[in-house]
Each structure stands twice: as C-alpha cells, then as structure tokens.
$ cat start-v6.pdb   # PDB, C-alpha atoms
ATOM      1  CA  MET A   1       6.827  77.644   6.239
ATOM      2  CA  SER A   2       8.995  76.605   3.324
ATOM      3  CA  GLY A   3       6.738  73.582   2.750
ATOM      4  CA  ARG A   4       3.695  75.870   2.529
ATOM      5  CA  ARG A   5       5.468  78.092  -0.008
ATOM      6  CA  ARG A   6       6.337  75.064  -2.114
ATOM      7  CA  ALA A   7       2.687  73.944  -1.965
ATOM      8  CA  ASP A   8       1.528  77.402  -3.046
ATOM      9  CA  ARG A   9       3.931  77.338  -5.982
ATOM     10  CA  SER A  10       2.666  73.895  -7.002
ATOM     11  CA  ARG A  11      -0.889  75.245  -7.148
ATOM     12  CA  ARG A  12       0.070  78.109  -9.436
ATOM     13  CA  PRO A  13      -0.875  77.393 -13.045
ATOM     14  CA  PRO A  14       1.967  77.247 -15.572
ATOM     15  CA  LEU A  15       2.550  80.596 -17.255
ATOM     16  CA  ALA A  16       2.230  79.088 -20.725
ATOM     17  CA  LEU A  17      -1.257  77.755 -19.918
ATOM     18  CA  VAL A  18      -2.295  81.125 -18.520
ATOM     19  CA  VAL A  19      -1.161  82.931 -21.674
ATOM     20  CA  LEU A  20      -2.768  80.425 -24.036
ATOM     21  CA  GLY A  21      -5.942  80.323 -21.959
ATOM     22  CA  GLY A  22      -6.086  84.116 -22.039
ATOM     23  CA  LEU A  23      -5.732  84.083 -25.818
ATOM     24  CA  GLY A  24      -8.480  81.485 -25.992
ATOM     25  CA  LEU A  25     -10.743  83.742 -23.934
ATOM     26  CA  ALA A  26      -9.907  86.664 -26.233
ATOM     27  CA  VAL A  27     -11.299  84.702 -29.191
ATOM     28  CA  PHE A  28     -14.714  84.959 -27.548
ATOM     29  CA  ALA A  29     -14.401  88.245 -25.681
ATOM     30  CA  VAL A  30     -12.929  90.524 -28.361
ATOM     31  CA  PRO A  31     -15.895  90.213 -30.780
ATOM     32  CA  LEU A  32     -18.292  90.989 -27.920
ATOM     33  CA  ILE A  33     -16.207  93.998 -26.959
ATOM     34  CA  GLY A  34     -16.305  95.150 -30.560
ATOM     35  CA  LEU A  35     -20.083  94.811 -30.583
ATOM     36  CA  LEU A  36     -20.429  96.799 -27.356
ATOM     37  CA  ALA A  37     -18.082  99.490 -28.653
ATOM     38  CA  ARG A  38     -20.164  99.866 -31.823
ATOM     39  CA  THR A  39     -23.538  99.934 -30.025
ATOM     40  CA  PRO A  40     -25.417 103.253 -30.413
ATOM     41  CA  TRP A  41     -26.390 103.466 -26.749
ATOM     42  CA  ARG A  42     -28.317 106.752 -27.037
ATOM     43  CA  ARG A  43     -30.478 105.494 -29.904
ATOM     44  CA  LEU A  44     -30.794 101.966 -28.548
ATOM     45  CA  PRO A  45     -34.314 102.318 -27.022
ATOM     46  CA  THR A  46     -35.647 103.820 -30.244
ATOM     47  CA  LEU A  47     -34.020 101.159 -32.407
ATOM     48  CA  LEU A  48     -35.292  98.301 -30.264
ATOM     49  CA  ALA A  49     -38.834  99.703 -30.304
ATOM     50  CA  GLY A  50     -39.018  99.459 -34.097
ATOM     51  CA  ASP A  51     -41.507  97.100 -35.744
ATOM     52  CA  VAL A  52     -38.764  95.084 -37.426
ATOM     53  CA  VAL A  53     -37.022  94.281 -34.134
ATOM     54  CA  ILE A  54     -40.231  93.534 -32.226
ATOM     55  CA  ASP A  55     -41.586  91.262 -34.975
ATOM     56  CA  ALA A  56     -38.270  89.443 -35.314
ATOM     57  CA  LEU A  57     -37.903  88.988 -31.549
ATOM     58  CA  ARG A  58     -41.433  87.656 -31.210
ATOM     59  CA  LEU A  59     -40.951  85.221 -34.074
ATOM     60  CA  SER A  60     -37.554  84.080 -32.769
ATOM     61  CA  LEU A  61     -38.994  83.315 -29.336
ATOM     62  CA  VAL A  62     -42.043  81.535 -30.760
ATOM     63  CA  SER A  63     -40.069  79.478 -33.265
ATOM     64  CA  SER A  64     -37.243  78.545 -30.893
ATOM     65  CA  LEU A  65     -39.624  77.522 -28.106
ATOM     66  CA  GLY A  66     -41.773  75.637 -30.611
ATOM     67  CA  ALA A  67     -38.731  73.826 -31.970
ATOM     68  CA  THR A  68     -37.624  72.958 -28.433
ATOM     69  CA  ALA A  69     -41.050  71.569 -27.539
ATOM     70  CA  LEU A  70     -41.168  69.534 -30.743
ATOM     71  CA  SER A  71     -37.658  68.271 -30.050
ATOM     72  CA  VAL A  72     -38.752  67.028 -26.619
ATOM     73  CA  VAL A  73     -41.770  65.182 -28.008
ATOM     74  CA  LEU A  74     -39.789  63.515 -30.784
ATOM     75  CA  GLY A  75     -36.186  63.638 -29.601
ATOM     76  CA  VAL A  76     -36.447  62.057 -26.145
ATOM     77  CA  PRO A  77     -38.134  58.869 -27.425
ATOM     78  CA  LEU A  78     -35.600  58.720 -30.264
ATOM     79  CA  ALA A  79     -32.725  59.078 -27.782
ATOM     80  CA  TRP A  80     -34.223  56.291 -25.655
ATOM     81  CA  LEU A  81     -34.411  53.959 -28.661
ATOM     82  CA  LEU A  82     -30.827  54.700 -29.651
ATOM     83  CA  ALA A  83     -29.569  54.157 -26.108
ATOM     84  CA  ARG A  84     -31.633  51.134 -25.046
ATOM     85  CA  VAL A  85     -32.675  49.178 -28.148
ATOM     86  CA  ASP A  86     -30.127  47.206 -30.154
ATOM     87  CA  PHE A  87     -31.550  47.104 -33.683
ATOM     88  CA  PRO A  88     -29.924  46.597 -37.095
ATOM     89  CA  GLY A  89     -28.556  49.802 -38.568
ATOM     90  CA  ARG A  90     -28.484  51.686 -35.275
ATOM     91  CA  ALA A  91     -25.120  53.265 -36.122
ATOM     92  CA  LEU A  92     -26.507  54.496 -39.439
ATOM     93  CA  VAL A  93     -29.597  55.914 -37.741
ATOM     94  CA  ARG A  94     -27.410  57.721 -35.208
ATOM     95  CA  GLY A  95     -25.362  59.143 -38.070
ATOM     96  CA  VAL A  96     -28.481  60.398 -39.851
ATOM     97  CA  VAL A  97     -29.777  61.980 -36.639
ATOM     98  CA  THR A  98     -26.533  63.817 -35.944
ATOM     99  CA  LEU A  99     -25.911  64.792 -39.583
ATOM    100  CA  PRO A 100     -27.529  68.262 -39.233
ATOM    101  CA  MET A 101     -24.858  69.156 -36.668
ATOM    102  CA  VAL A 102     -22.134  69.036 -39.318
ATOM    103  CA  LEU A 103     -24.195  69.641 -42.442
ATOM    104  CA  PRO A 104     -24.093  73.224 -43.802
ATOM    105  CA  PRO A 105     -27.420  74.785 -42.745
ATOM    106  CA  VAL A 106     -28.116  75.968 -46.303
ATOM    107  CA  VAL A 107     -27.848  72.360 -47.513
ATOM    108  CA  GLY A 108     -30.242  71.318 -44.764
ATOM    109  CA  GLY A 109     -32.668  74.029 -45.840
ATOM    110  CA  ALA A 110     -32.467  72.874 -49.445
ATOM    111  CA  ALA A 111     -33.121  69.276 -48.370
ATOM    112  CA  LEU A 112     -36.183  70.425 -46.410
ATOM    113  CA  LEU A 113     -37.409  72.353 -49.434
ATOM    114  CA  PHE A 114     -37.073  69.337 -51.737
ATOM    115  CA  ALA A 115     -38.812  67.104 -49.190
ATOM    116  CA  LEU A 116     -41.477  69.382 -47.694
ATOM    117  CA  GLY A 117     -41.943  71.990 -50.427
ATOM    118  CA  ARG A 118     -45.151  72.210 -52.442
ATOM    119  CA  ARG A 119     -43.625  69.866 -55.008
ATOM    120  CA  GLY A 120     -41.556  67.897 -52.521
ATOM    121  CA  VAL A 121     -41.638  64.205 -51.775
ATOM    122  CA  VAL A 122     -43.811  64.717 -48.678
ATOM    123  CA  GLY A 123     -44.879  68.349 -49.040
ATOM    124  CA  ALA A 124     -47.174  67.774 -52.023
ATOM    125  CA  THR A 125     -49.055  65.009 -50.218
ATOM    126  CA  LEU A 126     -49.190  67.053 -47.028
ATOM    127  CA  GLU A 127     -50.724  70.015 -48.840
ATOM    128  CA  ARG A 128     -53.357  67.871 -50.552
ATOM    129  CA  ALA A 129     -54.305  66.152 -47.312
ATOM    130  CA  THR A 130     -54.287  69.108 -44.916
ATOM    131  CA  GLY A 131     -53.820  72.260 -46.972
ATOM    132  CA  LEU A 132     -50.693  73.051 -44.934
ATOM    133  CA  VAL A 133     -47.866  74.716 -46.831
ATOM    134  CA  LEU A 134     -44.642  74.787 -44.829
ATOM    135  CA  PRO A 135     -42.248  76.852 -47.002
ATOM    136  CA  PHE A 136     -42.410  80.599 -46.382
ATOM    137  CA  SER A 137     -44.558  80.148 -43.280
ATOM    138  CA  THR A 138     -44.015  80.392 -39.528
ATOM    139  CA  TRP A 139     -44.455  76.636 -39.246
ATOM    140  CA  GLY A 140     -41.664  76.324 -41.776
ATOM    141  CA  VAL A 141     -39.395  78.288 -39.447
ATOM    142  CA  VAL A 142     -40.254  75.890 -36.602
ATOM    143  CA  VAL A 143     -39.558  72.844 -38.782
ATOM    144  CA  ALA A 144     -36.227  74.234 -40.009
ATOM    145  CA  SER A 145     -35.183  75.109 -36.456
ATOM    146  CA  THR A 146     -36.169  71.657 -35.212
ATOM    147  CA  PHE A 147     -34.178  69.980 -37.980
ATOM    148  CA  VAL A 148     -30.931  71.699 -37.033
ATOM    149  CA  ALA A 149     -31.443  71.841 -33.246
ATOM    150  CA  MET A 150     -32.960  68.517 -32.194
ATOM    151  CA  PRO A 151     -29.708  66.528 -32.628
ATOM    152  CA  PHE A 152     -28.245  68.403 -29.641
ATOM    153  CA  LEU A 153     -31.041  67.084 -27.425
ATOM    154  CA  VAL A 154     -30.856  63.563 -28.838
ATOM    155  CA  ILE A 155     -27.132  63.050 -28.323
ATOM    156  CA  THR A 156     -27.193  64.619 -24.850
ATOM    157  CA  VAL A 157     -30.093  62.489 -23.621
ATOM    158  CA  GLU A 158     -28.776  59.363 -25.323
ATOM    159  CA  GLY A 159     -25.428  59.752 -23.574
ATOM    160  CA  ALA A 160     -27.137  60.190 -20.205
ATOM    161  CA  LEU A 161     -29.348  57.135 -20.737
ATOM    162  CA  ALA A 162     -26.425  55.001 -21.890
ATOM    163  CA  GLY A 163     -24.393  55.935 -18.816
ATOM    164  CA  MET A 164     -27.206  55.572 -16.302
ATOM    165  CA  ASP A 165     -27.306  52.700 -13.829
ATOM    166  CA  GLU A 166     -30.282  50.634 -14.984
ATOM    167  CA  ARG A 167     -30.546  48.873 -11.631
ATOM    168  CA  PHE A 168     -32.691  51.717 -10.308
ATOM    169  CA  GLU A 169     -35.213  51.118 -13.066
ATOM    170  CA  GLY A 170     -35.091  47.383 -12.433
ATOM    171  CA  ALA A 171     -35.766  47.899  -8.734
ATOM    172  CA  ALA A 172     -38.794  50.050  -9.514
ATOM    173  CA  GLU A 173     -40.153  47.415 -11.899
ATOM    174  CA  THR A 174     -39.785  44.666  -9.288
ATOM    175  CA  LEU A 175     -41.879  46.809  -6.938
ATOM    176  CA  GLY A 176     -44.702  46.800  -9.460
ATOM    177  CA  ALA A 177     -44.181  50.111 -11.254
ATOM    178  CA  SER A 178     -45.289  50.239 -14.876
ATOM    179  CA  ARG A 179     -42.874  51.216 -17.639
ATOM    180  CA  TRP A 180     -44.419  54.670 -17.926
ATOM    181  CA  THR A 181     -44.173  55.147 -14.163
ATOM    182  CA  VAL A 182     -40.528  54.077 -14.213
ATOM    183  CA  LEU A 183     -39.835  56.489 -17.036
ATOM    184  CA  ARG A 184     -41.593  59.388 -15.310
ATOM    185  CA  ARG A 185     -40.520  58.772 -11.700
ATOM    186  CA  VAL A 186     -37.096  57.158 -12.079
ATOM    187  CA  THR A 187     -35.490  57.567 -15.515
ATOM    188  CA  LEU A 188     -36.255  61.208 -16.261
ATOM    189  CA  PRO A 189     -35.327  62.476 -12.758
ATOM    190  CA  LEU A 190     -31.999  60.637 -12.950
ATOM    191  CA  ILE A 191     -31.086  62.211 -16.290
ATOM    192  CA  ARG A 192     -32.583  65.610 -15.426
ATOM    193  CA  PRO A 193     -29.275  67.586 -15.570
ATOM    194  CA  SER A 194     -28.465  66.190 -19.010
ATOM    195  CA  LEU A 195     -32.033  66.706 -20.162
ATOM    196  CA  VAL A 196     -31.987  70.347 -19.097
ATOM    197  CA  SER A 197     -28.606  70.854 -20.746
ATOM    198  CA  GLY A 198     -29.903  69.319 -23.951
ATOM    199  CA  LEU A 199     -32.990  71.530 -23.864
ATOM    200  CA  VAL A 200     -30.937  74.679 -23.420
ATOM    201  CA  LEU A 201     -28.540  73.729 -26.214
ATOM    202  CA  THR A 202     -31.493  72.924 -28.463
ATOM    203  CA  TRP A 203     -33.192  76.231 -27.710
ATOM    204  CA  ALA A 204     -29.969  78.204 -28.199
ATOM    205  CA  ARG A 205     -29.317  76.541 -31.563
ATOM    206  CA  ALA A 206     -32.890  77.166 -32.689
ATOM    207  CA  PHE A 207     -32.793  80.768 -31.448
ATOM    208  CA  GLY A 208     -29.731  81.515 -33.574
ATOM    209  CA  GLU A 209     -30.686  79.498 -36.650
ATOM    210  CA  PHE A 210     -30.159  81.252 -39.989
ATOM    211  CA  GLY A 211     -29.165  79.153 -42.999
ATOM    212  CA  ALA A 212     -31.866  76.491 -43.042
ATOM    213  CA  THR A 213     -34.536  79.048 -42.168
ATOM    214  CA  VAL A 214     -33.747  81.512 -44.947
ATOM    215  CA  THR A 215     -33.475  78.684 -47.501
ATOM    216  CA  PHE A 216     -36.651  76.840 -46.522
ATOM    217  CA  ALA A 217     -38.879  79.557 -45.037
ATOM    218  CA  GLY A 218     -37.577  82.738 -46.654
ATOM    219  CA  ASN A 219     -37.143  86.139 -45.053
ATOM    220  CA  LEU A 220     -40.576  87.750 -44.701
ATOM    221  CA  GLN A 221     -41.026  90.317 -41.947
ATOM    222  CA  GLY A 222     -43.629  89.282 -39.422
ATOM    223  CA  ARG A 223     -43.900  85.761 -40.836
ATOM    224  CA  THR A 224     -40.462  84.162 -41.202
ATOM    225  CA  GLN A 225     -37.926  86.895 -40.410
ATOM    226  CA  THR A 226     -36.231  85.910 -37.150
ATOM    227  CA  LEU A 227     -33.580  87.963 -35.375
ATOM    228  CA  PRO A 228     -30.599  86.490 -37.287
ATOM    229  CA  LEU A 229     -32.344  87.185 -40.594
ATOM    230  CA  ALA A 230     -33.183  90.719 -39.470
ATOM    231  CA  VAL A 231     -29.502  91.286 -38.654
ATOM    232  CA  PHE A 232     -28.490  90.069 -42.107
ATOM    233  CA  VAL A 233     -30.883  92.491 -43.814
ATOM    234  CA  ALA A 234     -30.040  95.418 -41.526
ATOM    235  CA  LEU A 235     -26.297  95.055 -42.149
ATOM    236  CA  GLU A 236     -26.889  96.198 -45.728
ATOM    237  CA  SER A 237     -29.143  99.164 -44.946
ATOM    238  CA  ASP A 238     -29.012 100.184 -41.268
ATOM    239  CA  ARG A 239     -25.851  99.191 -39.409
ATOM    240  CA  ASP A 240     -27.065 100.605 -36.072
ATOM    241  CA  THR A 241     -30.200  98.450 -36.163
ATOM    242  CA  ALA A 242     -28.083  95.383 -36.961
ATOM    243  CA  VAL A 243     -25.886  96.092 -33.941
ATOM    244  CA  ALA A 244     -28.924  96.648 -31.705
ATOM    245  CA  ILE A 245     -30.514  93.344 -32.750
ATOM    246  CA  SER A 246     -27.211  91.523 -32.288
ATOM    247  CA  LEU A 247     -26.952  92.948 -28.790
ATOM    248  CA  VAL A 248     -30.440  91.661 -27.972
ATOM    249  CA  MET A 249     -29.469  88.162 -29.092
ATOM    250  CA  VAL A 250     -26.283  88.234 -27.055
ATOM    251  CA  VAL A 251     -28.057  89.434 -23.912
ATOM    252  CA  VAL A 252     -30.910  86.918 -24.157
ATOM    253  CA  SER A 253     -28.646  83.959 -24.918
ATOM    254  CA  LEU A 254     -26.064  84.878 -22.281
ATOM    255  CA  ALA A 255     -28.748  85.369 -19.630
ATOM    256  CA  VAL A 256     -30.128  81.881 -20.261
ATOM    257  CA  LEU A 257     -26.712  80.211 -20.290
ATOM    258  CA  VAL A 258     -25.497  81.970 -17.141
ATOM    259  CA  GLY A 259     -28.804  81.385 -15.368
ATOM    260  CA  LEU A 260     -28.486  77.641 -15.945
ATOM    261  CA  ARG A 261     -24.755  77.444 -15.308
ATOM    262  CA  GLY A 262     -25.259  74.946 -12.480
ATOM    263  CA  HIS A 263     -26.230  72.282 -15.001
ATOM    264  CA  TRP A 264     -22.772  72.453 -16.644
ATOM    265  CA  TRP A 265     -20.383  73.265 -13.818
ATOM    266  CA  PRO A 266     -20.742  73.524 -10.034
ATOM    267  CA  SER A 267     -21.413  76.956  -8.555
ATOM    268  CA  ARG A 268     -18.797  78.388  -6.207
TER     269      ARG A 268
END
$ encode --input "start-v6.pdb" --output "structure tokens"
Amino acid sequence: MSGRRRADRSRRPPLALVVLGGLGLAVFAVPLIGLLARTPWRRLPTLLAGDVVIDALRLSLVSSLGATALSVVLGVPLAWLLARVDFPGRALVRGVVTLPMVLPPVVGGAALLFALGRRGVVGATLERATGLVLPFSTWGVVVASTFVAMPFLVITVEGALAGMDERFEGAAETLGASRWTVLRRVTLPLIRPSLVSGLVLTWARAFGEFGATVTFAGNLQGRTQTLPLAVFVALESDRDTAVAISLVMVVVSLAVLVGLRGHWWPSR
C-alpha cells in the first residue's frame, strides 16, 4: 500500500510546473475570455448578417483556400527538392523560402508591390502580356497570402521527407513502379500526417493574414477586404462589429484545429 502511494506521488506533477503551465495557458485563454465577455450576444445575428461581414468572410475563405491550393502545387515540389536534391546554394534557397516567416508582413507586402505592381520588375511585363493586374485585386490577396503562408507547408513537408525511410521507395522502384507512382502510392501516404499538418498551418496563416494583404492588395470591400482587414476598419467605427468578426475568426480557426487534433497529438 505504501509503495502504491509513493508511486502516485511520483506521478504528480511538480507544483511549480503546474503554476507556470497555468500561467502559460492564461496567456492564451485570457484574451479569448475578454473577447467573449465583450461580445454583443443579442445583436450578434444582426451584426454577422451585414454585407461587410459576409463579403469579408467569403473573400477570406476563397483567398485562404486558393493560397493553400497554390501552396500545394508549388510548395510540395519545392520541399521535395530541398529534402532530396543536394545542389549548390541549398542553404541559401531554404533561407529565402523561410524568410516570410520572420519578415514583417508589411515588408513582404511592399516587396510584392515592387515586384508585381504595375511598375514592378515582373508586374509590368505580366500586365503587358496578360492584362492581369495583381495589386488591389482578389488575385493579389491570394498571392500575398501564399507568400506568407507557403513556408509553413514547405518546412513541414521537407522535414517529413528528410526523416522518411527511403527504403520503402527503393523497394517500390525495384518492383517496377515509376517515379510518379512511387510518389503517389508510397511517398505521399507515408508523409500524410505531416502533409495535413502543413496544409492546416498554411490555411490558418493565410486565413489570418493582414499586413502583406493590406500593403499589396489594399482594403476594398468585396474585392480585397478579408476578415482581419474588416476587423481593423471596424475597430475605428463600430466596436461591436469588430468583436463579432473576431469571434467568427476564432470559431472557424478553432474548429479546424480541434477537428484535426489527431494529426498533432494522439486522441485519448
């Protein structure tokens, strides 16, 4: 009996860790509690039915999903090259790819404007060739979101590919499978948890993007005004609407993260 009591005591977490862990949780929980306490619950349906909120929600979903899809098409091959191909300057390329993660979003938006604007290095040629103008357009929102969000997918997939046992791919090749078949039937299924995690992180970053979007695409309702931009404007004129939009973003993001919790930690 005494041995069992000693074992129970050994499983108890140290009090200091409990206190510090609780304070760490409070860093995230207290702002959410403040948001819930400030929410105008009675007016919430009316506020959320407004044109500004509906337009911003629609544009946020379209742009974040578009940025995620574009990140898959471009980011997965880039992650494969970084993980599997040893080429000169690979460290520099990896640094450039991950730079948007630490770069101030406004600086990233300015860089996009100088590169893809109507007088930019690439933007002027792009407009002459296709007539496409990215700044202050919905496509500009997608491009800005992709710029800041795709690094999350690249580093997640690259890490999974680098840590994967390549013998499975080799065995499939010896059985006659083509490289595309190996990629589709062996490689991608093996890194599926990391791929899904990277996709969710990419979408979440794109869904909440603000700085690069407002700098490169502006803040035009119905065209470039996403939910974060709508919150920024509403804070100056209609605090209740700003709180309502913030609540929508919290609910949508939290629902996605909790729904896919099994890809980060085991369910109990």
$ atom_distance --input "start-v6.pdb" --atom1 "CA of Ile54 in chain A" --atom2 "CA of Phe232 in chain A"
15.7 Å
$ closest_residue --input "start-v6.pdb" --among "A:Leu74, A:Phe210, A:Val251, A:Thr46" --to "Val233 in chain A" --atoms "all atoms listed in the file"
A:Phe210
$ closest_residue --input "start-v6.pdb" --among "A:Ala172, A:Val97, A:Ala26, A:Leu113" --to "Ala79 in chain A" --atoms "all atoms listed in the file"
A:Val97
$ atom_distance --input "start-v6.pdb" --atom1 "CA of Gly66 in chain A" --atom2 "CA of Trp139 in chain A"
9.1 Å
$ residues_near_point --input "start-v6.pdb" --point "(-38.0, 87.0, -47.4)" --cutoff "12 Å" --atoms "all atoms listed in the file" --output "MDAnalysis selection string"
chainID A and resid 135:138 141 213:226 229:230 232:233
$ resolve_selection --input "start-v6.pdb" --expression "the PyMOL selection byres ((chain A and resi 117) around 12)" --output "list of chain:residue names"
A:Gly109, A:Ala110, A:Ala111, A:Leu112, A:Leu113, A:Phe114, A:Ala115, A:Leu116, A:Arg118, A:Arg119, A:Gly120, A:Val121, A:Val122, A:Gly123, A:Ala124, A:Thr125, A:Leu126, A:Glu127, A:Leu132, A:Val133, A:Leu134, A:Pro135, A:Phe136, A:Ser137, A:Gly140, A:Val143, A:Thr215, A:Phe216, A:Ala217
$ write_last_selection --input "start-v6.pdb" --atoms "C-alpha atoms" --output "mmCIF file, in the coordinates of the input"
data_model
loop_
_atom_site.group_PDB
_atom_site.id
_atom_site.type_symbol
_atom_site.label_atom_id
_atom_site.label_comp_id
_atom_site.auth_asym_id
_atom_site.auth_seq_id
_atom_site.Cartn_x
_atom_site.Cartn_y
_atom_site.Cartn_z
ATOM 1 C CA GLY A 109 -32.668 74.029 -45.840
ATOM 2 C CA ALA A 110 -32.467 72.874 -49.445
ATOM 3 C CA ALA A 111 -33.121 69.276 -48.370
ATOM 4 C CA LEU A 112 -36.183 70.425 -46.410
ATOM 5 C CA LEU A 113 -37.409 72.353 -49.434
ATOM 6 C CA PHE A 114 -37.073 69.337 -51.737
ATOM 7 C CA ALA A 115 -38.812 67.104 -49.190
ATOM 8 C CA LEU A 116 -41.477 69.382 -47.694
ATOM 9 C CA ARG A 118 -45.151 72.210 -52.442
ATOM 10 C CA ARG A 119 -43.625 69.866 -55.008
ATOM 11 C CA GLY A 120 -41.556 67.897 -52.521
ATOM 12 C CA VAL A 121 -41.638 64.205 -51.775
ATOM 13 C CA VAL A 122 -43.811 64.717 -48.678
ATOM 14 C CA GLY A 123 -44.879 68.349 -49.040
ATOM 15 C CA ALA A 124 -47.174 67.774 -52.023
ATOM 16 C CA THR A 125 -49.055 65.009 -50.218
ATOM 17 C CA LEU A 126 -49.190 67.053 -47.028
ATOM 18 C CA GLU A 127 -50.724 70.015 -48.840
ATOM 19 C CA LEU A 132 -50.693 73.051 -44.934
ATOM 20 C CA VAL A 133 -47.866 74.716 -46.831
ATOM 21 C CA LEU A 134 -44.642 74.787 -44.829
ATOM 22 C CA PRO A 135 -42.248 76.852 -47.002
ATOM 23 C CA PHE A 136 -42.410 80.599 -46.382
ATOM 24 C CA SER A 137 -44.558 80.148 -43.280
ATOM 25 C CA GLY A 140 -41.664 76.324 -41.776
ATOM 26 C CA VAL A 143 -39.558 72.844 -38.782
ATOM 27 C CA THR A 215 -33.475 78.684 -47.501
ATOM 28 C CA PHE A 216 -36.651 76.840 -46.522
ATOM 29 C CA ALA A 217 -38.879 79.557 -45.037
#
$ residues_around --input "start-v6.pdb" --residues "range 182-188 of chain A" --least-positions-apart "5" --cutoff "10 Å" --atoms "all atoms listed in the file" --output "ChimeraX atom specification"
/A:76,157,160-161,164-166,168-173,176-177,193-195
$ write_last_selection --input "start-v6.pdb" --atoms "C-alpha atoms" --output "compact mmCIF listing (two decimals), in the coordinates of the input"
# COMPACT_ATOMS: atom_id res chain seq x y z
CA VAL A 76 -36.45 62.06 -26.14
CA VAL A 157 -30.09 62.49 -23.62
CA ALA A 160 -27.14 60.19 -20.20
CA LEU A 161 -29.35 57.14 -20.74
CA MET A 164 -27.21 55.57 -16.30
CA ASP A 165 -27.31 52.70 -13.83
CA GLU A 166 -30.28 50.63 -14.98
CA PHE A 168 -32.69 51.72 -10.31
CA GLU A 169 -35.21 51.12 -13.07
CA GLY A 170 -35.09 47.38 -12.43
CA ALA A 171 -35.77 47.90 -8.73
CA ALA A 172 -38.79 50.05 -9.51
CA GLU A 173 -40.15 47.42 -11.90
CA GLY A 176 -44.70 46.80 -9.46
CA ALA A 177 -44.18 50.11 -11.25
CA PRO A 193 -29.28 67.59 -15.57
CA SER A 194 -28.46 66.19 -19.01
CA LEU A 195 -32.03 66.71 -20.16
$ residues_around --input "start-v6.pdb" --residues "Ala204 in chain A" --least-positions-apart "3" --cutoff "8 Å" --atoms "all atoms listed in the file" --output "JSON, numbers by chain"
{"A": [64, 200, 201, 207, 208, 253]}
$ atom_distance --input "start-v6.pdb" --atom1 "CA of Ala91 in chain A" --atom2 "CA of Pro151 in chain A"
14.5 Å
$ resolve_selection --input "start-v6.pdb" --expression "the PyMOL selection byres ((chain A and resi 244) around 8)" --output "list in words"
Thr39, Pro40, Leu44, Leu47, Leu48, Asp240, Thr241, Ala242, Val243, Ile245, Ser246, Leu247 and Val248 of chain A
$ decode --input "start-v6.pdb" --residues "range 89-95 of chain A" --atoms "all heavy atoms" --output "PDB file, in the first residue's frame"
ATOM      1  N   GLY A  89      24.089  26.042 -53.003  1.00  0.00           N
ATOM      2  CA  GLY A  89      23.250  27.129 -52.520  1.00  0.00           C
ATOM      3  C   GLY A  89      21.942  26.677 -51.905  1.00  0.00           C
ATOM      4  O   GLY A  89      21.032  27.493 -51.719  1.00  0.00           O
ATOM      5  N   ARG A  90      21.845  25.400 -51.553  1.00  0.00           N
ATOM      6  CA  ARG A  90      20.586  24.898 -50.994  1.00  0.00           C
ATOM      7  C   ARG A  90      20.250  25.597 -49.677  1.00  0.00           C
ATOM      8  O   ARG A  90      19.087  25.915 -49.412  1.00  0.00           O
ATOM      9  CB  ARG A  90      20.656  23.388 -50.776  1.00  0.00           C
ATOM     10  CG  ARG A  90      19.349  22.812 -50.256  1.00  0.00           C
ATOM     11  CD  ARG A  90      19.334  21.291 -50.289  1.00  0.00           C
ATOM     12  NE  ARG A  90      20.335  20.725 -49.401  1.00  0.00           N
ATOM     13  CZ  ARG A  90      20.411  19.416 -49.114  1.00  0.00           C
ATOM     14  NH1 ARG A  90      19.560  18.567 -49.661  1.00  0.00           N
ATOM     15  NH2 ARG A  90      21.347  18.965 -48.305  1.00  0.00           N
ATOM     16  N   ALA A  91      21.255  25.852 -48.853  1.00  0.00           N
ATOM     17  CA  ALA A  91      21.007  26.539 -47.580  1.00  0.00           C
ATOM     18  C   ALA A  91      20.462  27.942 -47.815  1.00  0.00           C
ATOM     19  O   ALA A  91      19.566  28.406 -47.101  1.00  0.00           O
ATOM     20  CB  ALA A  91      22.288  26.591 -46.756  1.00  0.00           C
ATOM     21  N   LEU A  92      20.992  28.626 -48.824  1.00  0.00           N
ATOM     22  CA  LEU A  92      20.510  29.968 -49.140  1.00  0.00           C
ATOM     23  C   LEU A  92      19.070  29.919 -49.647  1.00  0.00           C
ATOM     24  O   LEU A  92      18.235  30.749 -49.265  1.00  0.00           O
ATOM     25  CB  LEU A  92      21.419  30.611 -50.187  1.00  0.00           C
ATOM     26  CG  LEU A  92      21.002  32.014 -50.664  1.00  0.00           C
ATOM     27  CD1 LEU A  92      20.994  32.993 -49.495  1.00  0.00           C
ATOM     28  CD2 LEU A  92      21.936  32.500 -51.770  1.00  0.00           C
ATOM     29  N   VAL A  93      18.782  28.940 -50.490  1.00  0.00           N
ATOM     30  CA  VAL A  93      17.414  28.788 -51.002  1.00  0.00           C
ATOM     31  C   VAL A  93      16.449  28.522 -49.856  1.00  0.00           C
ATOM     32  O   VAL A  93      15.357  29.102 -49.797  1.00  0.00           O
ATOM     33  CB  VAL A  93      17.357  27.653 -52.045  1.00  0.00           C
ATOM     34  CG1 VAL A  93      15.907  27.350 -52.428  1.00  0.00           C
ATOM     35  CG2 VAL A  93      18.159  28.026 -53.280  1.00  0.00           C
ATOM     36  N   ARG A  94      16.841  27.647 -48.931  1.00  0.00           N
ATOM     37  CA  ARG A  94      15.985  27.362 -47.779  1.00  0.00           C
ATOM     38  C   ARG A  94      15.766  28.626 -46.957  1.00  0.00           C
ATOM     39  O   ARG A  94      14.668  28.871 -46.442  1.00  0.00           O
ATOM     40  CB  ARG A  94      16.601  26.262 -46.924  1.00  0.00           C
ATOM     41  CG  ARG A  94      15.711  25.827 -45.754  1.00  0.00           C
ATOM     42  CD  ARG A  94      16.367  24.749 -44.925  1.00  0.00           C
ATOM     43  NE  ARG A  94      16.419  23.480 -45.630  1.00  0.00           N
ATOM     44  CZ  ARG A  94      17.545  22.919 -46.073  1.00  0.00           C
ATOM     45  NH1 ARG A  94      18.719  23.541 -45.890  1.00  0.00           N
ATOM     46  NH2 ARG A  94      17.525  21.762 -46.703  1.00  0.00           N
ATOM     47  N   GLY A  95      16.804  29.438 -46.811  1.00  0.00           N
ATOM     48  CA  GLY A  95      16.656  30.686 -46.072  1.00  0.00           C
ATOM     49  C   GLY A  95      15.693  31.642 -46.748  1.00  0.00           C
ATOM     50  O   GLY A  95      14.879  32.297 -46.091  1.00  0.00           O
TER      51      GLY A  95
END
